[in-house]
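Peer 1: Got a file for you: query_18.cif, mmCIF, C-alpha atoms and all ligand atoms.
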data_upload
#
loop_
_atom_site.label_atom_id
_atom_site.label_comp_id
_atom_site.auth_asym_id
_atom_site.auth_seq_id
_atom_site.Cartn_x
_atom_site.Cartn_y
_atom_site.Cartn_z
CA MET A 1 124.58 55.83 89.30
CA GLU A 2 122.77 54.81 92.45
CA ILE A 3 124.41 55.86 95.72
CA LYS A 4 124.26 52.97 98.18
CA ILE A 5 123.86 53.81 101.85
CA LYS A 6 125.36 51.58 104.52
CA LYS A 7 124.32 52.95 107.90
CA ALA A 8 126.45 52.81 111.03
CA PRO A 9 124.94 50.61 113.77
CA LEU A 10 123.29 52.83 116.38
CA LYS A 11 125.63 51.57 119.08
CA ASN A 12 128.65 52.83 117.11
CA ARG A 13 127.34 56.35 116.58
CA LYS A 14 129.24 59.22 118.12
CA LYS A 15 127.89 61.46 120.81
CA LYS A 16 126.70 64.70 119.26
CA PRO A 17 128.19 67.87 120.74
CA SER A 18 125.84 69.37 123.30
CA ASP A 19 127.26 72.89 123.46
CA GLU A 20 126.93 74.73 120.13
CA SER A 21 129.11 77.57 121.40
CA LYS A 22 132.09 75.18 121.58
CA LEU A 23 131.90 73.69 118.09
CA GLY A 24 134.74 75.69 116.59
CA PHE A 25 135.71 74.77 113.04
CA GLY A 26 136.85 71.53 111.42
CA ARG A 27 137.29 69.35 114.48
CA ILE A 28 134.07 67.35 114.63
CA PHE A 29 132.84 65.03 111.88
CA THR A 30 129.67 62.98 111.67
CA ASP A 31 128.94 59.23 111.62
CA HIS A 32 129.06 58.71 107.84
CA PHE A 33 130.98 59.83 104.79
CA PHE A 34 130.56 59.51 101.03
CA ASN A 35 133.13 58.00 98.73
CA VAL A 36 133.41 56.90 95.12
CA LYS A 37 136.35 55.34 93.28
CA TYR A 38 137.80 55.95 89.84
CA LYS A 39 139.87 53.80 87.56
CA GLU A 40 141.06 54.77 84.12
CA GLY A 41 139.00 53.01 81.48
CA LYS A 42 136.23 52.29 83.97
CA GLY A 43 135.31 55.75 85.21
CA TRP A 44 133.72 56.46 88.60
CA TYR A 45 132.28 53.41 90.32
CA ASP A 46 130.76 52.18 93.60
CA PRO A 47 129.38 55.44 95.05
CA LEU A 48 128.75 54.74 98.71
CA ILE A 49 127.73 56.45 101.93
CA GLU A 50 129.15 54.37 104.74
CA PRO A 51 130.22 54.64 108.38
CA TYR A 52 133.00 57.22 108.88
CA ARG A 53 136.32 55.42 108.93
CA LYS A 54 140.02 55.81 108.27
CA LEU A 55 141.12 55.54 104.65
CA GLN A 56 143.40 52.77 103.51
CA LEU A 57 146.15 53.89 101.19
CA ASP A 58 149.22 52.23 99.80
CA PRO A 59 152.33 54.03 101.08
CA THR A 60 153.09 54.85 97.44
CA ALA A 61 149.61 56.28 96.76
CA MET A 62 150.47 59.10 94.39
CA CYS A 63 148.69 61.84 96.37
CA LEU A 64 151.25 61.31 99.14
CA HIS A 65 154.21 61.93 96.85
CA TYR A 66 153.22 64.22 94.01
CA GLY A 67 150.37 66.21 95.49
CA GLN A 68 147.41 65.44 93.24
CA GLU A 69 144.88 66.51 95.86
CA ILE A 70 142.04 69.00 95.47
CA PHE A 71 139.14 69.99 97.69
CA GLU A 72 136.14 72.23 98.14
CA GLY A 73 134.39 73.87 101.07
CA LEU A 74 130.74 74.84 101.44
CA LYS A 75 128.05 74.74 104.09
CA ALA A 76 124.54 73.46 104.79
CA TYR A 77 122.28 75.76 106.83
CA TYR A 78 119.19 75.07 108.88
CA GLY A 79 116.59 77.67 108.06
CA GLN A 80 113.33 78.37 109.77
CA ASN A 81 110.66 75.66 109.70
CA GLY A 82 113.26 72.94 109.37
CA ALA A 83 114.34 73.67 105.80
CA ILE A 84 117.94 72.83 104.91
CA TYR A 85 119.78 74.95 102.35
CA LEU A 86 123.03 74.83 100.45
CA PHE A 87 124.50 78.10 99.16
CA ARG A 88 125.43 78.13 95.44
CA PRO A 89 126.61 74.48 95.48
CA HIS A 90 126.87 74.33 91.69
CA GLU A 91 129.66 76.92 91.87
CA ASN A 92 131.66 74.61 94.13
CA ILE A 93 130.98 71.65 91.83
CA LYS A 94 132.20 73.59 88.80
CA ARG A 95 135.26 74.85 90.67
CA MET A 96 136.13 71.33 91.84
CA ASN A 97 136.09 70.25 88.22
CA SER A 98 138.28 73.12 87.08
CA SER A 99 140.71 72.20 89.88
CA ALA A 100 140.58 68.58 88.66
CA GLU A 101 141.35 69.59 85.09
CA ARG A 102 144.35 71.73 86.12
CA LEU A 103 145.84 68.80 88.07
CA CYS A 104 145.09 66.20 85.36
CA MET A 105 142.49 64.54 87.56
CA PRO A 106 139.18 63.20 86.22
CA PRO A 107 136.06 65.40 86.41
CA MET A 108 133.37 64.35 88.86
CA ASP A 109 129.89 63.82 87.43
CA GLU A 110 127.99 66.98 88.47
CA ASP A 111 124.71 65.21 89.24
CA LEU A 112 126.42 62.50 91.27
CA PHE A 113 128.36 65.17 93.21
CA MET A 114 125.17 67.11 94.02
CA GLU A 115 123.24 63.96 94.90
CA ALA A 116 126.05 62.78 97.20
CA MET A 117 126.10 66.08 99.11
CA LYS A 118 122.30 66.09 99.44
CA LYS A 119 122.05 62.49 100.58
CA LEU A 120 124.88 62.80 103.09
CA VAL A 121 123.66 66.08 104.58
CA ILE A 122 120.10 64.77 104.87
CA LEU A 123 121.28 61.51 106.46
CA GLU A 124 123.31 63.54 108.99
CA LYS A 125 120.78 66.34 109.43
CA ASP A 126 120.52 65.83 113.20
CA TRP A 127 124.14 66.94 113.35
CA ILE A 128 123.38 70.35 111.81
CA PRO A 129 123.41 72.87 114.64
CA ARG A 130 120.51 75.31 114.82
CA GLY A 131 122.04 78.29 116.63
CA ALA A 132 122.51 81.63 114.85
CA GLY A 133 125.53 81.54 112.58
CA THR A 134 126.14 77.81 113.00
CA SER A 135 126.10 75.38 110.08
CA MET A 136 127.37 72.08 108.75
CA TYR A 137 130.62 72.31 106.83
CA ILE A 138 130.94 70.12 103.74
CA ARG A 139 134.41 69.08 102.55
CA PRO A 140 134.53 67.31 99.16
CA THR A 141 138.04 66.02 98.39
CA MET A 142 139.73 64.13 95.56
CA ILE A 143 143.05 62.28 95.90
CA ALA A 144 145.26 60.25 93.57
CA THR A 145 145.44 56.66 94.81
CA GLU A 146 147.44 54.72 92.21
CA ALA A 147 150.24 52.88 93.99
CA ALA A 148 153.28 53.92 91.98
CA LEU A 149 156.34 56.13 92.18
CA GLY A 150 157.36 58.26 89.20
CA VAL A 151 155.74 61.55 88.25
CA HIS A 152 152.72 61.09 86.00
CA PRO A 153 148.96 61.59 86.38
CA SER A 154 147.56 58.81 88.55
CA ASN A 155 145.20 56.32 86.91
CA GLU A 156 143.18 55.76 90.09
CA TYR A 157 141.42 58.26 92.34
CA LEU A 158 139.21 58.48 95.39
CA PHE A 159 136.62 61.21 95.78
CA PHE A 160 135.08 61.60 99.22
CA ILE A 161 132.92 63.99 101.20
CA VAL A 162 133.02 64.48 104.95
CA VAL A 163 130.68 66.80 106.86
CA GLY A 164 130.71 68.22 110.37
CA PRO A 165 129.00 70.84 112.52
CA VAL A 166 130.77 74.21 112.80
CA GLY A 167 130.19 77.09 115.18
CA ALA A 168 129.30 80.71 114.53
CA TYR A 169 132.32 82.59 113.24
CA TYR A 170 131.55 85.72 115.24
CA PRO A 171 129.80 84.63 118.44
CA GLN A 172 130.83 87.93 120.06
CA GLY A 173 130.40 90.16 117.02
CA PHE A 174 133.02 91.15 114.46
CA SER A 175 136.64 91.39 115.48
CA PRO A 176 138.71 93.04 112.72
CA THR A 177 141.92 91.18 111.90
CA LYS A 178 145.47 92.44 111.49
CA MET A 179 147.26 91.64 108.23
CA TYR A 180 150.95 91.26 107.60
CA VAL A 181 152.16 92.08 104.09
CA SER A 182 154.63 89.42 102.95
CA GLU A 183 157.21 90.79 100.52
CA GLU A 184 159.54 87.83 100.64
CA TYR A 185 157.17 84.88 100.19
CA VAL A 186 154.33 84.50 97.70
CA ARG A 187 151.30 82.20 97.72
CA ALA A 188 150.94 81.50 94.02
CA VAL A 189 152.39 82.42 90.66
CA ARG A 190 150.71 83.12 87.37
CA GLY A 191 150.66 79.95 85.34
CA GLY A 192 150.75 77.95 88.58
CA ILE A 193 147.85 76.49 90.57
CA GLY A 194 146.80 79.46 92.72
CA HIS A 195 143.47 79.79 90.88
CA VAL A 196 142.36 76.27 91.85
CA LYS A 197 141.74 74.68 95.24
CA ALA A 198 144.72 72.35 95.32
CA ALA A 199 146.27 71.22 98.61
CA GLY A 200 149.77 72.33 97.58
CA ASN A 201 148.77 76.00 97.71
CA TYR A 202 148.11 75.75 101.42
CA ALA A 203 151.37 73.96 102.18
CA ALA A 204 153.13 76.76 100.29
CA SER A 205 151.41 79.40 102.43
CA LEU A 206 152.28 78.02 105.87
CA TYR A 207 155.76 79.47 106.29
CA ALA A 208 154.77 83.09 105.70
CA GLY A 209 151.70 82.46 107.85
CA ARG A 210 153.93 81.39 110.71
CA ILE A 211 156.07 84.50 110.38
CA ALA A 212 152.93 86.65 110.51
CA THR A 213 151.56 84.78 113.54
CA ASN A 214 154.85 85.09 115.39
CA MET A 215 154.71 88.83 114.84
CA GLY A 216 151.18 89.02 116.22
CA TYR A 217 149.24 89.18 112.95
CA THR A 218 146.24 87.08 112.00
CA GLN A 219 146.70 86.80 108.25
CA VAL A 220 149.18 87.27 105.44
CA LEU A 221 148.32 89.79 102.76
CA TRP A 222 149.78 88.21 99.64
CA LEU A 223 151.33 90.22 96.83
CA ASP A 224 151.79 89.15 93.20
CA SER A 225 154.86 87.01 92.57
CA ALA A 226 156.27 88.89 89.56
CA GLU A 227 156.55 92.41 90.94
CA LYS A 228 155.63 92.03 94.64
CA LYS A 229 153.57 95.11 94.06
CA TYR A 230 149.91 94.19 93.61
CA VAL A 231 147.63 92.84 96.30
CA GLU A 232 146.24 89.35 95.57
CA GLU A 233 144.53 87.68 98.53
CA VAL A 234 144.56 87.60 102.30
CA GLY A 235 145.24 84.27 104.04
CA THR A 236 142.85 81.87 102.31
CA SER A 237 140.29 84.54 101.44
CA ASN A 238 139.72 87.12 98.74
CA ILE A 239 140.33 90.78 99.54
CA PHE A 240 138.24 93.94 99.08
CA PHE A 241 138.97 97.61 99.77
CA VAL A 242 136.58 100.54 99.95
CA ILE A 243 138.50 103.49 98.50
CA GLY A 244 136.51 106.68 98.26
CA ASP A 245 133.07 105.42 97.32
CA GLU A 246 134.25 102.45 95.26
CA LEU A 247 134.54 98.82 96.26
CA VAL A 248 137.80 97.58 94.72
CA THR A 249 139.07 94.01 94.40
CA PRO A 250 141.92 92.49 92.37
CA PRO A 251 140.89 90.85 89.07
CA LEU A 252 141.01 87.08 88.61
CA ALA A 253 144.17 87.07 86.58
CA GLY A 254 145.44 83.52 87.11
CA SER A 255 146.89 83.34 90.61
CA ILE A 256 143.81 84.31 92.64
CA LEU A 257 141.21 81.78 93.78
CA PRO A 258 137.80 82.64 92.32
CA GLY A 259 135.85 82.66 95.59
CA VAL A 260 132.13 81.97 95.54
CA THR A 261 131.80 84.53 98.33
CA ARG A 262 133.88 87.01 96.28
CA ASN A 263 131.43 86.65 93.42
CA SER A 264 128.47 86.97 95.80
CA VAL A 265 129.94 90.14 97.35
CA ILE A 266 130.47 91.72 93.92
CA THR A 267 126.96 90.81 92.73
CA LEU A 268 125.29 91.97 95.92
CA ALA A 269 127.28 95.21 96.20
CA LYS A 270 126.28 96.12 92.64
CA HIS A 271 122.67 95.28 93.48
CA LEU A 272 122.95 97.64 96.46
CA LYS A 273 124.13 100.37 94.03
CA THR A 274 127.74 100.37 95.19
CA LYS A 275 130.27 100.93 92.44
CA VAL A 276 132.44 97.80 92.15
CA VAL A 277 135.74 97.81 90.30
CA GLU A 278 137.90 94.78 89.58
CA ARG A 279 141.37 96.14 88.88
CA PRO A 280 144.96 95.66 89.97
CA ILE A 281 145.56 97.49 93.22
CA SER A 282 149.07 98.07 94.46
CA ILE A 283 150.09 97.90 98.10
CA ASP A 284 151.49 101.43 97.70
CA GLU A 285 148.03 102.67 96.70
CA VAL A 286 146.47 100.93 99.72
CA ILE A 287 149.00 102.48 102.12
CA ALA A 288 148.66 105.93 100.50
CA ALA A 289 144.86 105.69 100.71
CA SER A 290 145.15 104.70 104.36
CA LYS A 291 147.35 107.76 105.00
CA ASN A 292 145.16 110.26 103.16
CA GLY A 293 141.94 108.91 104.63
CA SER A 294 140.33 107.64 101.40
CA LEU A 295 140.70 103.99 102.48
CA LYS A 296 137.40 103.55 104.30
CA GLU A 297 137.29 99.77 104.73
CA ALA A 298 139.10 96.54 103.98
CA PHE A 299 137.66 93.07 104.35
CA ALA A 300 138.28 89.49 103.32
CA SER A 301 135.63 87.15 101.88
CA GLY A 302 135.29 83.38 102.12
CA THR A 303 132.84 80.60 103.00
CA ALA A 304 134.01 80.15 106.60
CA ALA A 305 133.45 83.73 107.84
CA ILE A 306 131.55 85.24 104.85
CA ILE A 307 133.15 88.64 105.57
CA SER A 308 136.17 89.24 107.76
CA PRO A 309 136.92 92.93 108.38
CA VAL A 310 140.54 94.04 108.39
CA GLY A 311 141.52 96.63 110.97
CA HIS A 312 145.27 96.96 110.49
CA ILE A 313 147.94 96.37 107.84
CA HIS A 314 151.60 95.87 108.67
CA PHE A 315 153.86 96.92 105.80
CA ARG A 316 157.63 97.44 105.92
CA GLY A 317 157.81 97.75 109.68
CA LYS A 318 154.86 100.13 110.07
CA GLU A 319 151.31 99.46 111.13
CA HIS A 320 148.52 101.29 109.32
CA SER A 321 145.00 101.33 110.66
CA ILE A 322 141.85 101.13 108.56
CA ASN A 323 138.65 102.80 109.74
CA LYS A 324 140.37 103.21 113.15
CA GLY A 325 140.50 99.42 113.42
CA LYS A 326 136.72 99.08 113.38
CA THR A 327 134.33 97.16 111.12
CA GLY A 328 133.10 99.22 108.18
CA THR A 329 129.45 99.80 107.31
CA LEU A 330 129.59 98.13 103.89
CA ALA A 331 131.34 95.05 105.32
CA GLU A 332 128.64 94.74 107.95
CA LYS A 333 125.82 95.26 105.46
CA LEU A 334 127.17 92.68 103.00
CA TYR A 335 127.73 90.20 105.81
CA ASN A 336 124.16 90.52 107.08
CA GLU A 337 122.61 90.32 103.62
CA ILE A 338 124.53 87.20 102.59
CA LEU A 339 123.94 85.51 105.94
CA GLN A 340 120.19 86.14 105.73
CA ILE A 341 120.04 84.74 102.21
CA GLN A 342 121.98 81.64 103.35
CA TYR A 343 119.60 80.91 106.23
CA GLY A 344 116.44 81.60 104.26
CA LEU A 345 115.62 84.70 106.30
CA LYS A 346 115.38 86.96 103.27
CA ASP A 347 114.37 86.78 99.60
CA ASP A 348 116.97 85.37 97.34
CA PRO A 349 116.88 87.63 94.26
CA PHE A 350 119.79 85.79 92.62
CA GLY A 351 118.59 82.21 93.11
CA TRP A 352 121.61 81.31 95.26
CA ARG A 353 119.88 79.15 97.81
CA VAL A 354 119.21 75.49 97.08
CA LYS A 355 116.66 73.90 99.38
CA ILE A 356 117.60 70.24 99.81
CA PHE A 357 115.16 69.32 102.55
CA ASP A 358 111.86 70.59 103.87
CA GLU A 359 110.61 69.18 107.13
CA LYS A 360 107.05 70.25 106.34
CA LYS A 361 106.89 68.51 103.01
CA THR A 362 108.90 65.40 103.73
CA THR A 363 107.68 62.28 105.38
CA LYS A 364 110.64 60.19 104.30
CA LYS A 365 113.22 59.50 106.94
C1 LIG A 401 138.55 78.81 99.33
C2 LIG A 401 139.40 80.03 99.12
C3 LIG A 401 138.85 81.32 98.99
C4 LIG A 401 137.41 81.63 99.22
O1 LIG A 401 136.54 80.95 98.38
P1 LIG A 401 135.01 80.79 98.78
O2 LIG A 401 134.44 80.05 97.65
O3 LIG A 401 134.46 82.17 98.90
O4 LIG A 401 134.95 80.07 100.08
C5 LIG A 401 139.71 82.38 98.69
N1 LIG A 401 141.04 82.17 98.56
C6 LIG A 401 141.61 80.96 98.71
C7 LIG A 401 143.06 80.82 98.55
C8 LIG A 401 140.80 79.86 99.01
O5 LIG A 401 141.36 78.66 99.17
#
If you convert what's in this file into structure tokens, what do you get?

Peer 2:
Amino acid sequence: MEIKIKKAPLKNRKKKPSDESKLGFGRIFTDHFFNVKYKEGKGWYDPLIEPYRKLQLDPTAMCLHYGQEIFEGLKAYYGQNGAIYLFRPHENIKRMNSSAERLCMPPMDEDLFMEAMKKLVILEKDWIPRGAGTSMYIRPTMIATEAALGVHPSNEYLFFIVVGPVGAYYPQGFSPTKMYVSEEYVRAVRGGIGHVKAAGNYAASLYAGRIATNMGYTQVLWLDSAEKKYVEEVGTSNIFFVIGDELVTPPLAGSILPGVTRNSVITLAKHLKTKVVERPISIDEVIAASKNGSLKEAFASGTAAIISPVGHIHFRGKEHSINKGKTGTLAEKLYNEILQIQYGLKDDPFGWRVKIFDEKKTTKK
């Protein structure tokens, strides 16, 4: 399927941000977006990159009532010599399709998905910031658009991709976060949709997040729903602990999102000869390890920050510090290694980087 491109007239284009230190995250979007429609019996049709605009939806569009909405998040990076890279984009494509399947939504054609991201990022490449740690965030989304009330899988969908420049996550260096362990509220249940990137998971997480924020904590450390005993994730990131000389993370047992960064951390840590164990880890074990000194580090992993060190855990009215509230050495090492692979500053032994543009080799506009 050929993706048509309808360019925004130059006079309608937005002013690009001039100060890369003020980009923040998720507030600025570019001049164009990609969209493609789906109808049962017809499949995906009319793939188009067009001027960024508001969507038109019927008030009964099913995504607004029954929550068939899934998304992805990845980034494009400017490397040296004007090369543009994506990081493991096929993992995001596959995950989008497993999210689609779980919510009875149609799979997106993998080649069309990849082509759409490439074309849009290249068209908007002047929006990609060049400063250290900055990038262009890519947000693929799929929503149910059939105009009908009554719970059933929609027979019409819209898939779209928006992109926008985002700032460095740690412009002033790492700042370890403080986690609040929620024992009353859970993020996801086994058999539910916690293992896919569906919008409903985030709505379900807001209330506990607000409690944590009001108490002065940055993130919620989620426990399993059945026993409220085992650690699952932190905020919207996966969680790792260094206990003794092992890197420990909970297994993907149905309610945890299989993070691309999580997988990269595991692969890279093994490559660096660190012992990695995926096993259930109880909050009691974490607190005991913090008390007896064997808990050396804790950090979260996700596309936005890569690695986010955790300095404190609040559990049952007490605050426990990890590594005296400072960033651990393994967290820092993994962060630097992954970042350098993403920006093309280092070899890529695992073939994670996908070069989508090369200024030197391209004469096309
Ligand atoms: C997106 C997400 C992650 C991290 O996934 P990455 O692919 O590493 O960005 C972890 N947990 C939740 C709940 C998420 O939504």

Peer 1: Return as number ranges by chain every polymer residue, whether protein, DNA or RNA, with at least one atom no more than 10 Å from an atom of ligand LIG 401 (chain A); count only C-alpha atoms and all ligand atoms.

Peer 2: A: 71-75, 88-89, 91-92, 95, 187-188, 194-199, 201-202, 205, 232-239, 255-265, 300-307

Peer 1: Please measure the separation of CA of Gly325 (chain A) and CA of Ile313 (chain A), giving the value in Å to one decimal.

Peer 2: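 Atom-to-atom, CA of Gly325 (chain A) and CA of Ile313 (chain A) are spaced 9.8 Å apart.
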
Peer 1: Give the answer as one residue: which of A:Asp19, A:Asp31, A:Glu332, A:Glu183 has the shortest atom-to-atom distance to Leu120 (chain A), using all atoms listed in the file?

Peer 2: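 Selected residue with least distance to Leu120 (chain A): A:Asp31.
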
Peer 1: Quick one: distance from CA of Ala288 (chain A) to CA of Ala212 (chain A) in Å, one decimal?

Peer 2: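 We find that CA of Ala288 (chain A) and CA of Ala212 (chain A) lie 22.1 Å from each other.
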
Peer 1: In the coordinate frame of the file, compute which residues have an atom within 10 Å of (126.3, 90.1, 109.6) when using only C-alpha atoms, and state them as a list in words.

Peer 2: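 Within 10 Å of (126.3, 90.1, 109.6), the protein and nucleic acid residues are Gly133, Tyr170, Gly173, Phe174, Ala305, Ile306, Ile307, Ala331, Glu332, Lys333, Leu334, Tyr335, Asn336, Glu337, Ile338, Leu339 and Gln340 of chain A.
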
Peer 1: State, in Å with one decimal place, the distance from CA of Pro17 (chain A) to CA of Pro165 (chain A).

Peer 2: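 Between CA of Pro17 (chain A) and CA of Pro165 (chain A) the gap is 8.8 Å.
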
Peer 1: What's the 6 Å shell around Tyr230 (chain A), counting only C-alpha atoms, without same-chain residues fewer than 3 positions away, as a PyMOL selection string?

Peer 2: chain A and resi 223-224+281-283

Peer 1: So which one's closest to Gly328 (chain A), A:Ile243, A:Ala298, A:Ala116, A:Ile5? Using all atoms listed in the file, please.

Peer 2: A:Ala298

Peer 1: For a quick check of understanding, using all atoms listed in the file, which of A:Ser321, A:Thr267, A:Asn97, A:Gln342 has the smallest distance to Gly79 (chain A)?

Peer 2: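 Looking at the shortest contact to Gly79 (chain A), the residue is A:Gln342.
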
Peer 1: Could you give me the centre and size, in Å to one decimal, of an axis-aligned box around all listed atoms of region 90-105 of chain A with 6 Å added on every side, as lines of an AutoDock Vina configuration file?

Peer 2:
center_x = 136.4
center_y = 70.7
center_z = 89.6
size_x = 31.0
size_y = 24.4
size_z = 21.0
